[in-house]
$ cat start37.tsv   # TSV, C-alpha atoms
chain	number	residue	atom	x	y	z
Q	1	MET	CA	36.43	-34.00	-35.77
Q	2	LYS	CA	33.88	-31.31	-36.64
Q	3	ARG	CA	34.82	-29.44	-33.48
Q	4	LEU	CA	38.46	-29.60	-34.41
Q	5	LEU	CA	37.70	-28.17	-37.86
Q	6	PHE	CA	35.73	-25.34	-36.23
Q	7	LEU	CA	38.62	-24.60	-33.91
Q	8	ILE	CA	41.06	-24.49	-36.82
Q	9	ALA	CA	38.69	-22.24	-38.80
Q	10	PHE	CA	38.38	-19.86	-35.84
Q	11	ALA	CA	42.13	-19.75	-35.29
Q	12	LEU	CA	42.68	-18.80	-38.92
Q	13	ALA	CA	39.79	-16.32	-39.18
Q	14	GLY	CA	40.63	-14.11	-36.20
Q	15	PRO	CA	43.30	-11.67	-37.43
Q	16	LEU	CA	41.62	-10.87	-40.76
Q	17	SER	CA	39.36	-8.16	-39.36
Q	18	ALA	CA	42.30	-6.09	-38.11
Q	19	GLN	CA	44.26	-6.08	-41.38
Q	20	ASP	CA	44.05	-3.77	-44.33
Q	21	SER	CA	42.81	-5.10	-47.65
Q	22	LEU	CA	45.32	-3.44	-49.97
Q	23	PRO	CA	47.95	-5.60	-51.69
Q	24	PRO	CA	51.51	-5.24	-50.33
Q	25	ALA	CA	53.62	-2.34	-51.65
Q	26	PRO	CA	55.36	-3.19	-54.97
Q	27	TYR	CA	58.80	-3.72	-53.42
Q	28	ALA	CA	57.65	-5.15	-50.09
Q	29	TYR	CA	58.32	-8.71	-51.20
Q	30	LYS	CA	59.96	-8.17	-54.59
Q	31	GLN	CA	63.73	-8.02	-54.80
Q	32	LEU	CA	65.61	-5.40	-56.75
Q	33	ASP	CA	66.92	-6.56	-60.14
Q	34	ASP	CA	70.49	-5.56	-59.39
Q	35	PRO	CA	71.85	-8.19	-56.92
Q	36	ARG	CA	74.41	-5.74	-55.50
Q	37	GLN	CA	71.70	-3.18	-54.73
Q	38	GLU	CA	69.42	-5.89	-53.31
Q	39	ALA	CA	72.24	-7.04	-50.99
Q	40	GLU	CA	72.69	-3.44	-49.83
Q	41	ALA	CA	68.95	-3.05	-49.23
Q	42	LYS	CA	68.75	-6.40	-47.41
Q	43	ALA	CA	71.62	-5.50	-45.09
Q	44	LEU	CA	69.93	-2.21	-44.24
Q	45	MET	CA	66.50	-3.79	-43.74
Q	46	GLU	CA	67.99	-6.23	-41.23
Q	47	THR	CA	69.12	-3.32	-39.07
Q	48	LEU	CA	65.89	-1.29	-39.08
Q	49	ARG	CA	63.28	-1.92	-36.41
Q	50	CYS	CA	59.71	-2.78	-37.35
Q	51	LEU	CA	57.45	-0.26	-35.58
Q	52	THR	CA	54.55	-2.70	-35.36
Q	53	CYS	CA	56.47	-5.74	-34.06
Q	54	GLN	CA	59.20	-3.94	-32.18
Q	55	GLY	CA	61.36	-6.98	-31.45
Q	56	GLN	CA	61.80	-7.69	-35.16
Q	57	SER	CA	63.60	-6.02	-38.02
Q	58	ILE	CA	61.58	-4.93	-41.05
Q	59	ALA	CA	63.30	-7.74	-42.97
Q	60	ASP	CA	61.75	-10.31	-40.60
Q	61	SER	CA	58.29	-8.81	-40.11
Q	62	ASP	CA	55.16	-9.38	-42.19
Q	63	ALA	CA	53.37	-6.34	-40.73
Q	64	PRO	CA	51.98	-4.11	-43.51
Q	65	MET	CA	53.99	-1.15	-42.27
Q	66	ALA	CA	57.20	-3.19	-42.39
Q	67	GLY	CA	56.35	-4.04	-46.00
Q	68	ASP	CA	55.89	-0.34	-46.78
Q	69	LEU	CA	59.24	0.44	-45.16
Q	70	ARG	CA	60.97	-2.31	-47.18
Q	71	HIS	CA	59.44	-0.74	-50.28
Q	72	GLN	CA	60.83	2.65	-49.22
Q	73	VAL	CA	64.29	1.20	-48.58
Q	74	ARG	CA	64.44	-0.65	-51.92
Q	75	VAL	CA	63.14	2.31	-53.94
Q	76	ARG	CA	65.64	4.66	-52.31
Q	77	ILE	CA	68.54	2.23	-52.79
Q	78	ALA	CA	67.54	1.79	-56.45
Q	79	ARG	CA	67.54	5.58	-56.75
Q	80	GLY	CA	71.16	5.55	-55.62
Q	81	GLU	CA	70.79	6.71	-52.02
Q	82	LYS	CA	73.39	5.46	-49.52
Q	83	PRO	CA	72.12	3.02	-46.83
Q	84	GLU	CA	73.39	5.18	-43.98
Q	85	ALA	CA	71.61	8.21	-45.49
Q	86	ILE	CA	68.34	6.23	-45.49
Q	87	ARG	CA	68.93	5.21	-41.88
Q	88	ALA	CA	69.58	8.84	-40.96
Q	89	TRP	CA	66.39	9.87	-42.75
Q	90	LEU	CA	64.39	7.40	-40.63
Q	91	VAL	CA	66.18	8.33	-37.40
Q	92	GLU	CA	65.23	11.95	-38.12
Q	93	ARG	CA	61.59	10.83	-38.08
Q	94	TYR	CA	61.48	8.24	-35.32
Q	95	GLY	CA	64.60	8.78	-33.24
Q	96	GLU	CA	67.45	6.32	-32.61
Q	97	TYR	CA	64.92	3.65	-31.60
Q	98	ILE	CA	64.22	2.70	-35.23
Q	99	SER	CA	67.84	1.70	-35.78
Q	100	PHE	CA	68.18	-2.00	-34.97
Q	101	LYS	CA	71.97	-1.95	-35.24
Q	102	PRO	CA	73.85	-2.55	-31.97
Q	103	GLU	CA	75.92	0.57	-31.35
Q	104	VAL	CA	78.03	1.73	-28.42
Q	105	THR	CA	76.45	4.95	-27.17
Q	106	SER	CA	76.27	6.77	-23.83
Q	107	SER	CA	73.23	4.67	-22.87
Q	108	THR	CA	74.28	1.26	-24.27
Q	109	TRP	CA	77.95	1.02	-23.24
Q	110	PRO	CA	77.19	-1.04	-20.07
Q	111	LEU	CA	75.83	-3.80	-22.32
Q	112	PHE	CA	79.24	-4.06	-23.94
Q	113	ALA	CA	81.33	-3.36	-20.82
Q	114	LEU	CA	79.57	-5.71	-18.37
Q	115	PRO	CA	80.48	-9.03	-20.07
Q	116	LEU	CA	84.14	-7.96	-20.18
Q	117	LEU	CA	83.99	-6.95	-16.53
Q	118	LEU	CA	82.38	-10.26	-15.53
Q	119	LEU	CA	85.04	-12.18	-17.47
Q	120	LEU	CA	87.74	-10.27	-15.62
Q	121	VAL	CA	86.09	-10.99	-12.25
Q	122	ALA	CA	85.77	-14.68	-13.14
Q	123	ALA	CA	89.40	-14.86	-14.19
Q	124	PHE	CA	90.42	-13.17	-10.95
Q	125	VAL	CA	88.37	-15.57	-8.80
Q	126	PHE	CA	89.67	-18.61	-10.66
Q	127	ARG	CA	93.26	-17.50	-10.29
Q	128	ASN	CA	92.81	-16.93	-6.57
Q	129	LYS	CA	91.13	-20.29	-5.93
Q	130	LEU	CA	93.45	-22.31	-8.12
Q	131	GLY	CA	96.43	-20.43	-6.82
Q	132	LYS	CA	95.58	-21.36	-3.22
Q	133	LYS	CA	95.36	-25.07	-3.97
Q	134	ALA	CA	98.62	-25.22	-5.80
H	1	MET	CA	81.03	-22.10	15.59
H	2	LYS	CA	83.05	-20.63	12.87
H	3	GLN	CA	82.18	-17.09	11.86
H	4	ILE	CA	80.72	-16.96	8.34
H	5	ARG	CA	82.29	-14.26	6.24
H	6	TRP	CA	79.81	-11.57	5.25
H	7	THR	CA	81.13	-11.56	1.69
H	8	LEU	CA	79.52	-14.96	1.18
H	9	TRP	CA	76.17	-13.15	1.13
H	10	VAL	CA	77.17	-11.00	-1.84
H	11	PRO	CA	76.17	-13.49	-4.58
H	12	LEU	CA	72.77	-14.05	-2.94
H	13	ALA	CA	72.27	-10.30	-2.63
H	14	LEU	CA	73.21	-9.84	-6.28
H	15	PHE	CA	70.79	-12.57	-7.30
H	16	GLY	CA	68.07	-10.95	-5.18
H	17	ALA	CA	68.68	-7.58	-6.85
H	18	PHE	CA	68.57	-9.23	-10.28
H	19	PHE	CA	65.33	-11.01	-9.39
H	20	VAL	CA	63.68	-7.79	-8.20
H	21	LEU	CA	64.78	-5.98	-11.37
H	22	VAL	CA	63.39	-8.67	-13.68
H	23	ALA	CA	60.15	-9.02	-11.71
H	24	SER	CA	59.53	-5.26	-11.65
H	25	GLN	CA	60.15	-4.95	-15.41
H	26	LEU	CA	57.82	-7.90	-16.06
H	27	MET	CA	55.03	-6.38	-14.01
H	28	ASN	CA	55.61	-2.89	-15.39
H	29	PRO	CA	56.63	-3.26	-19.03
H	30	ALA	CA	58.34	-0.32	-20.68
H	31	SER	CA	56.18	1.83	-22.94
H	32	THR	CA	55.99	0.51	-26.50
H	33	THR	CA	54.85	3.73	-28.14
H	34	VAL	CA	57.33	5.33	-30.51
H	35	GLU	CA	57.10	9.11	-30.44
H	36	SER	CA	57.61	11.12	-33.58
H	37	ALA	CA	60.86	13.05	-33.75
H	38	MET	CA	59.19	15.52	-36.13
H	39	ILE	CA	57.63	17.81	-33.51
H	40	GLY	CA	58.68	21.38	-34.31
H	41	LYS	CA	59.64	20.42	-37.86
H	42	PRO	CA	57.76	21.15	-41.10
H	43	LEU	CA	55.54	18.58	-42.79
H	44	PRO	CA	57.26	16.72	-45.63
H	45	ASP	CA	56.18	17.56	-49.18
H	46	PHE	CA	53.34	15.34	-50.30
H	47	ALA	CA	50.20	15.34	-52.42
H	48	LEU	CA	47.80	12.48	-51.73
H	49	LYS	CA	44.90	11.53	-53.97
H	50	PRO	CA	41.40	11.59	-52.45
H	51	ALA	CA	40.62	8.60	-50.23
H	52	SER	CA	36.85	8.93	-50.69
H	53	ALA	CA	34.61	10.33	-53.38
H	54	ASP	CA	33.09	13.24	-51.44
H	55	ARG	CA	36.24	14.86	-49.99
H	56	PRO	CA	39.28	16.29	-51.81
H	57	GLY	CA	42.73	14.76	-51.36
H	58	LEU	CA	45.40	16.22	-49.12
H	59	ALA	CA	48.62	18.07	-49.95
H	60	THR	CA	51.17	19.87	-47.80
H	61	SER	CA	50.09	23.22	-49.26
H	62	ASP	CA	46.53	22.64	-47.96
H	63	MET	CA	47.90	22.95	-44.45
H	64	GLN	CA	49.98	26.07	-45.05
H	65	ASP	CA	46.94	28.34	-45.26
H	66	GLY	CA	47.59	30.17	-41.99
H	67	GLN	CA	45.07	28.10	-40.01
H	68	PRO	CA	46.00	25.31	-37.60
H	69	HIS	CA	44.77	21.82	-38.47
H	70	LEU	CA	44.34	18.49	-36.78
H	71	LEU	CA	45.89	15.80	-38.96
H	72	ASN	CA	44.27	12.48	-38.10
H	73	VAL	CA	46.03	9.29	-39.25
H	74	PHE	CA	43.35	6.58	-39.46
H	75	ALA	CA	42.12	3.54	-41.36
H	76	SER	CA	38.75	1.90	-41.87
H	77	TRP	CA	40.24	-1.44	-40.75
H	78	CYS	CA	41.44	0.01	-37.44
H	79	VAL	CA	39.17	-0.66	-34.45
H	80	PRO	CA	40.32	2.19	-32.14
H	81	CYS	CA	39.76	4.57	-35.08
H	82	ALA	CA	36.06	3.76	-34.87
H	83	ALA	CA	36.21	4.29	-31.09
H	84	GLU	CA	37.57	7.82	-31.45
H	85	ALA	CA	34.98	8.90	-34.07
H	86	PRO	CA	32.62	10.59	-31.55
H	87	GLN	CA	35.54	12.57	-30.09
H	88	LEU	CA	36.62	13.69	-33.59
H	89	SER	CA	33.05	14.84	-34.24
H	90	ALA	CA	33.11	16.79	-30.96
H	91	LEU	CA	36.38	18.44	-32.01
H	92	GLU	CA	34.87	19.37	-35.38
H	93	ARG	CA	31.79	20.86	-33.70
H	94	ALA	CA	34.13	22.90	-31.47
H	95	GLY	CA	35.62	24.42	-34.62
H	96	ALA	CA	38.67	22.27	-35.32
H	97	ASN	CA	39.62	21.83	-38.98
H	98	ILE	CA	40.38	18.11	-39.24
H	99	VAL	CA	42.14	16.56	-42.21
H	100	GLY	CA	42.52	12.81	-42.57
H	101	VAL	CA	45.26	10.52	-43.85
H	102	ALA	CA	43.78	7.08	-44.61
H	103	ILE	CA	46.42	4.36	-44.32
H	104	ARG	CA	46.34	1.45	-46.80
H	105	ASP	CA	42.63	1.73	-47.46
H	106	ARG	CA	40.21	1.15	-50.36
H	107	PRO	CA	37.83	4.02	-51.30
H	108	GLU	CA	34.75	1.84	-50.80
H	109	ASP	CA	35.95	0.82	-47.31
H	110	VAL	CA	36.64	4.44	-46.36
H	111	ALA	CA	33.17	5.44	-47.62
H	112	ALA	CA	31.50	2.69	-45.58
H	113	PHE	CA	33.53	3.65	-42.49
H	114	LEU	CA	32.56	7.33	-42.81
H	115	ALA	CA	28.90	6.46	-43.45
H	116	GLN	CA	28.83	4.43	-40.26
H	117	HIS	CA	30.90	6.63	-37.94
H	118	GLY	CA	30.45	10.14	-39.38
H	119	ASN	CA	32.77	12.30	-41.44
H	120	PRO	CA	34.54	15.05	-39.48
H	121	TYR	CA	37.19	15.57	-42.19
H	122	SER	CA	37.49	18.52	-44.57
H	123	ARG	CA	40.00	16.59	-46.69
H	124	ILE	CA	41.15	12.96	-46.76
H	125	GLY	CA	44.30	11.79	-48.51
H	126	ALA	CA	44.92	8.14	-49.41
H	127	ASP	CA	48.31	7.00	-48.11
H	128	ASP	CA	48.52	3.60	-49.82
H	129	LEU	CA	52.24	3.07	-49.17
H	130	SER	CA	52.34	4.68	-45.68
H	131	GLU	CA	54.67	7.30	-47.16
H	132	VAL	CA	53.15	10.31	-45.40
H	133	GLN	CA	52.81	8.27	-42.22
H	134	VAL	CA	56.53	7.53	-42.23
H	135	GLY	CA	57.25	11.10	-43.35
H	136	ILE	CA	55.72	12.54	-40.18
H	137	GLY	CA	57.11	9.88	-37.85
H	138	SER	CA	53.81	8.17	-37.11
H	139	SER	CA	54.13	4.51	-36.15
H	140	GLY	CA	50.53	3.33	-36.09
H	141	VAL	CA	46.83	4.14	-36.30
H	142	PRO	CA	45.19	6.15	-34.94
H	143	GLU	CA	47.44	9.10	-34.30
H	144	THR	CA	46.55	12.78	-34.34
H	145	PHE	CA	48.95	15.64	-35.07
H	146	VAL	CA	48.46	19.34	-34.40
H	147	VAL	CA	49.87	21.26	-37.39
H	148	ASP	CA	50.12	25.06	-37.32
H	149	GLY	CA	49.21	27.45	-40.14
H	150	LYS	CA	52.73	27.31	-41.60
H	151	GLY	CA	52.68	23.52	-41.82
H	152	ILE	CA	54.90	22.96	-38.76
H	153	ILE	CA	54.05	19.87	-36.67
H	154	ARG	CA	53.41	21.08	-33.13
H	155	TYR	CA	52.04	18.12	-31.21
H	156	GLN	CA	51.45	14.38	-31.56
H	157	HIS	CA	48.71	12.39	-29.84
H	158	ILE	CA	49.30	8.62	-29.99
H	159	GLY	CA	46.33	6.24	-29.85
H	160	ASP	CA	42.61	6.94	-29.88
H	161	ILE	CA	41.29	10.28	-28.67
H	162	ARG	CA	39.39	9.87	-25.39
H	163	ASP	CA	36.84	12.28	-23.92
H	164	GLN	CA	39.44	13.92	-21.68
H	165	ASP	CA	41.75	14.53	-24.68
H	166	VAL	CA	39.22	16.75	-26.51
H	167	PRO	CA	39.79	19.95	-24.44
H	168	MET	CA	43.54	19.26	-24.42
H	169	LEU	CA	43.66	19.06	-28.24
H	170	LEU	CA	41.55	22.22	-28.57
H	171	GLU	CA	44.04	23.95	-26.28
H	172	LYS	CA	46.95	22.72	-28.44
H	173	LEU	CA	45.15	24.03	-31.54
H	174	LYS	CA	44.73	27.40	-29.86
H	175	GLU	CA	48.43	27.47	-28.98
H	176	ALA	CA	49.30	26.58	-32.59
H	177	ALA	CA	47.22	29.53	-33.83
H	178	LEU	CA	49.29	32.06	-31.86
$ encode --input "start37.tsv" --output "structure tokens"
Amino acid sequence: MKRLLFLIAFALAGPLSAQDSLPPAPYAYKQLDDPRQEAEAKALMETLRCLTCQGQSIADSDAPMAGDLRHQVRVRIARGEKPEAIRAWLVERYGEYISFKPEVTSSTWPLFALPLLLLLVAAFVFRNKLGKKA
Amino acid sequence: MKQIRWTLWVPLALFGAFFVLVASQLMNPASTTVESAMIGKPLPDFALKPASADRPGLATSDMQDGQPHLLNVFASWCVPCAAEAPQLSALERAGANIVGVAIRDRPEDVAAFLAQHGNPYSRIGADDLSEVQVGIGSSGVPETFVVDGKGIIRYQHIGDIRDQDVPMLLEKLKEAAL
């Protein structure tokens, strides 16, 4: 039992040393008062990549930097900036990689084209096989 | 025996190719560093309050004095930042003017960090909301930027500075002074 408690204590204590000790940015976890603006900010945050945990959006990540970016997004939305202008501002700094929104570009079009192609091939094969039997 | 059509091998070949692709990507993961898109562009406008008692804060205008600077993004809570401290000291001894941006840090923690690892900085700004960090396209700590005398970002070094990076950064500083 004591050993188990030690193990739990160790598991919880590990990450503390590699975190900053400042409180989260004011608008990292606090919603905007205006629900329409908050919805706009939320939609944008869900399509921006967290730079610390790169498989997550900043809306999903608890990394301090994601919190600071959420603060930036909310403050800018509250100031009246358009979501796509904020995205463009970030893309100017980090490149297209920071945008977490699936978009058809010269490098991503195979991701959209391949499923369609495979469906077509499958349909063709099915028709041939079924056609023969009939 | 009936001749097997060669096309029957196609699915297996496709699967093999898929397997090789996945295995090679697993063994050789793509780079996870995000490079700044701000190289060649001017620093954003900012004015940071001092991050420690014995050095002034940092503003954009401090880096538009005609001299190239190394802008080091660091934090007292960041382990590789401690690892690169000797290399920063070597750069300072070689004549580099190093300014610091302390990310999400408390003054007492910065002071303790500098007391333990040395203080190569002429100025240190406190970036409590990572605003300057985002403004220059930095995605983590530590990172080091070469900024020329007009405040244009000329080079970005991602991660801690190793021994072999010291002459390279001095060279970049020299290029930025031209």
$ atom_distance --input "start37.tsv" --atom1 "CA of Thr32 in chain H" --atom2 "CA of Leu69 in chain Q"
18.9 Å
$ atom_distance --input "start37.tsv" --atom1 "CA of Asp65 in chain H" --atom2 "CA of Lys150 in chain H"
6.9 Å
$ atom_distance --input "start37.tsv" --atom1 "CA of Arg123 in chain H" --atom2 "CA of Gly100 in chain H"
6.1 Å
$ closest_residue --input "start37.tsv" --among "H:Glu84, H:Asp54, H:Glu108, H:Asp62" --to "chain Q" --atoms "all atoms listed in the file"
H:Glu108
$ interface_residues --input "start37.tsv" --of "chain Q" --to "chain H" --cutoff "10 Å" --atoms "only C-alpha atoms" --output "PyMOL selection string"
chain Q and resi 16-26+28+50-54+64-69+71-72+89-98
$ residues_around --input "start37.tsv" --residues "Asp163 in chain H" --least-positions-apart "5" --cutoff "10 Å" --atoms "only C-alpha atoms" --output "ChimeraX atom specification"
/H:84,86-88,90,168
$ residues_around --input "start37.tsv" --residues "Pro56 in chain H" --least-positions-apart "2" --cutoff "8 Å" --atoms "only C-alpha atoms" --output "count of residues only"
11
$ axis_aligned_box --input "start37.tsv" --around "range 15-25 of chain H" --padding-each-side "5 Å" --output "lines of an AutoDock Vina configuration file"
center_x = 65.2
center_y = -8.8
center_z = -10.3
size_x = 21.3
size_y = 17.6
size_z = 20.2
$ closest_residue --input "start37.tsv" --among "Q:Val104, Q:Arg3, Q:Met45, Q:Asp33" --to "Ile86 in chain Q" --atoms "only C-alpha atoms"
Q:Met45
$ closest_residue --input "start37.tsv" --among "H:Leu8, H:Ala83, H:Ala115, H:Val73" --to "Ala102 in chain H" --atoms "all atoms listed in the file"
H:Val73
$ residues_around --input "start37.tsv" --residues "Leu44 in chain Q" --least-positions-apart "2" --cutoff "10 Å" --atoms "all atoms listed in the file" --output "ChimeraX atom specification"
/Q:38-42,46-48,57-59,70,73-74,77,82-84,86-87,99-101
$ write_last_selection --input "start37.tsv" --atoms "C-alpha atoms" --output "PDB file, in the coordinates of the input"
ATOM      1  CA  GLU Q  38      69.420  -5.890 -53.310  1.00  0.00           C
ATOM      2  CA  ALA Q  39      72.240  -7.040 -50.990  1.00  0.00           C
ATOM      3  CA  GLU Q  40      72.690  -3.440 -49.830  1.00  0.00           C
ATOM      4  CA  ALA Q  41      68.950  -3.050 -49.230  1.00  0.00           C
ATOM      5  CA  LYS Q  42      68.750  -6.400 -47.410  1.00  0.00           C
ATOM      6  CA  GLU Q  46      67.990  -6.230 -41.230  1.00  0.00           C
ATOM      7  CA  THR Q  47      69.120  -3.320 -39.070  1.00  0.00           C
ATOM      8  CA  LEU Q  48      65.890  -1.290 -39.080  1.00  0.00           C
ATOM      9  CA  SER Q  57      63.600  -6.020 -38.020  1.00  0.00           C
ATOM     10  CA  ILE Q  58      61.580  -4.930 -41.050  1.00  0.00           C
ATOM     11  CA  ALA Q  59      63.300  -7.740 -42.970  1.00  0.00           C
ATOM     12  CA  ARG Q  70      60.970  -2.310 -47.180  1.00  0.00           C
ATOM     13  CA  VAL Q  73      64.290   1.200 -48.580  1.00  0.00           C
ATOM     14  CA  ARG Q  74      64.440  -0.650 -51.920  1.00  0.00           C
ATOM     15  CA  ILE Q  77      68.540   2.230 -52.790  1.00  0.00           C
ATOM     16  CA  LYS Q  82      73.390   5.460 -49.520  1.00  0.00           C
ATOM     17  CA  PRO Q  83      72.120   3.020 -46.830  1.00  0.00           C
ATOM     18  CA  GLU Q  84      73.390   5.180 -43.980  1.00  0.00           C
ATOM     19  CA  ILE Q  86      68.340   6.230 -45.490  1.00  0.00           C
ATOM     20  CA  ARG Q  87      68.930   5.210 -41.880  1.00  0.00           C
ATOM     21  CA  SER Q  99      67.840   1.700 -35.780  1.00  0.00           C
ATOM     22  CA  PHE Q 100      68.180  -2.000 -34.970  1.00  0.00           C
ATOM     23  CA  LYS Q 101      71.970  -1.950 -35.240  1.00  0.00           C
TER      24      LYS Q 101
END
$ closest_residue --input "start37.tsv" --among "H:Gly57, H:Gly40, H:Pro142, H:Pro68" --to "Glu175 in chain H" --atoms "all atoms listed in the file"
H:Pro68
$ closest_residue --input "start37.tsv" --among "H:Asp160, H:Glu143, H:Asp127, H:Asp165" --to "Leu48 in chain H" --atoms "all atoms listed in the file"
H:Asp127
$ closest_residue --input "start37.tsv" --among "H:Thr60, H:Ser89, H:Asn72, H:Gln156" --to "Val141 in chain H" --atoms "only C-alpha atoms"
H:Asn72
$ decode --input "start37.tsv" --residues "range 35-104 of chain Q" --atoms "C-alpha atoms" --output "mmCIF file, in the first residue's frame"
data_model
loop_
_atom_site.group_PDB
_atom_site.id
_atom_site.type_symbol
_atom_site.label_atom_id
_atom_site.label_comp_id
_atom_site.auth_asym_id
_atom_site.auth_seq_id
_atom_site.Cartn_x
_atom_site.Cartn_y
_atom_site.Cartn_z
ATOM 1 C CA PRO Q 35 -21.417 34.766 -26.480
ATOM 2 C CA ARG Q 36 -21.269 35.584 -30.203
ATOM 3 C CA GLN Q 37 -17.646 36.695 -29.931
ATOM 4 C CA GLU Q 38 -16.785 33.685 -27.755
ATOM 5 C CA ALA Q 39 -18.293 31.356 -30.384
ATOM 6 C CA GLU Q 40 -16.170 33.060 -33.044
ATOM 7 C CA ALA Q 41 -13.036 32.731 -30.910
ATOM 8 C CA LYS Q 42 -13.804 29.082 -30.091
ATOM 9 C CA ALA Q 43 -14.277 28.189 -33.754
ATOM 10 C CA LEU Q 44 -10.942 29.804 -34.600
ATOM 11 C CA MET Q 45 -9.110 28.183 -31.668
ATOM 12 C CA GLU Q 46 -10.269 24.760 -32.843
ATOM 13 C CA THR Q 47 -8.516 25.306 -36.170
ATOM 14 C CA LEU Q 48 -5.172 26.580 -34.870
ATOM 15 C CA ARG Q 49 -2.395 24.114 -34.109
ATOM 16 C CA CYS Q 50 -0.772 24.019 -30.693
ATOM 17 C CA LEU Q 51 2.988 24.414 -31.236
ATOM 18 C CA THR Q 52 3.860 22.421 -28.126
ATOM 19 C CA CYS Q 53 1.511 19.456 -28.687
ATOM 20 C CA GLN Q 54 1.411 19.499 -32.458
ATOM 21 C CA GLY Q 55 -1.376 16.949 -32.880
ATOM 22 C CA GLN Q 56 -3.801 19.123 -30.924
ATOM 23 C CA SER Q 57 -5.543 22.410 -31.525
ATOM 24 C CA ILE Q 58 -4.968 25.243 -29.048
ATOM 25 C CA ALA Q 59 -8.569 24.731 -27.906
ATOM 26 C CA ASP Q 60 -7.704 21.172 -26.802
ATOM 27 C CA SER Q 61 -4.239 21.707 -25.338
ATOM 28 C CA ASP Q 62 -3.300 22.651 -21.787
ATOM 29 C CA ALA Q 63 0.251 23.649 -22.750
ATOM 30 C CA PRO Q 64 1.110 27.132 -21.403
ATOM 31 C CA MET Q 65 1.825 28.406 -24.897
ATOM 32 C CA ALA Q 66 -1.576 27.214 -26.112
ATOM 33 C CA GLY Q 67 -3.119 29.160 -23.223
ATOM 34 C CA ASP Q 68 -1.212 32.276 -24.282
ATOM 35 C CA LEU Q 69 -2.415 31.821 -27.862
ATOM 36 C CA ARG Q 70 -6.030 31.419 -26.706
ATOM 37 C CA HIS Q 71 -5.584 34.660 -24.778
ATOM 38 C CA GLN Q 72 -4.280 36.344 -27.949
ATOM 39 C CA VAL Q 73 -7.196 35.023 -30.016
ATOM 40 C CA ARG Q 74 -9.844 36.119 -27.494
ATOM 41 C CA VAL Q 75 -8.312 39.574 -26.963
ATOM 42 C CA ARG Q 76 -8.081 40.164 -30.710
ATOM 43 C CA ILE Q 77 -11.640 38.948 -31.334
ATOM 44 C CA ALA Q 78 -12.888 41.203 -28.514
ATOM 45 C CA ARG Q 79 -11.024 44.066 -30.189
ATOM 46 C CA GLY Q 80 -13.082 43.409 -33.310
ATOM 47 C CA GLU Q 81 -10.512 41.628 -35.482
ATOM 48 C CA LYS Q 82 -11.831 39.096 -38.000
ATOM 49 C CA PRO Q 83 -10.955 35.414 -37.327
ATOM 50 C CA GLU Q 84 -9.374 34.948 -40.747
ATOM 51 C CA ALA Q 85 -7.223 38.054 -40.172
ATOM 52 C CA ILE Q 86 -5.953 36.525 -36.912
ATOM 53 C CA ARG Q 87 -5.216 33.253 -38.707
ATOM 54 C CA ALA Q 88 -3.328 35.167 -41.401
ATOM 55 C CA TRP Q 89 -1.368 37.022 -38.711
ATOM 56 C CA LEU Q 90 -0.259 33.688 -37.211
ATOM 57 C CA VAL Q 91 0.485 32.120 -40.603
ATOM 58 C CA GLU Q 92 2.726 35.118 -41.308
ATOM 59 C CA ARG Q 93 4.730 34.139 -38.216
ATOM 60 C CA TYR Q 94 4.742 30.346 -38.322
ATOM 61 C CA GLY Q 95 3.796 29.387 -41.865
ATOM 62 C CA GLU Q 96 0.780 27.349 -43.011
ATOM 63 C CA TYR Q 97 1.637 24.648 -40.457
ATOM 64 C CA ILE Q 98 -0.075 26.543 -37.628
ATOM 65 C CA SER Q 99 -3.425 26.402 -39.404
ATOM 66 C CA PHE Q 100 -5.237 23.255 -38.273
ATOM 67 C CA LYS Q 101 -8.018 23.651 -40.830
ATOM 68 C CA PRO Q 102 -8.126 20.994 -43.566
ATOM 69 C CA GLU Q 103 -7.654 22.821 -46.855
ATOM 70 C CA VAL Q 104 -7.157 21.634 -50.419
#
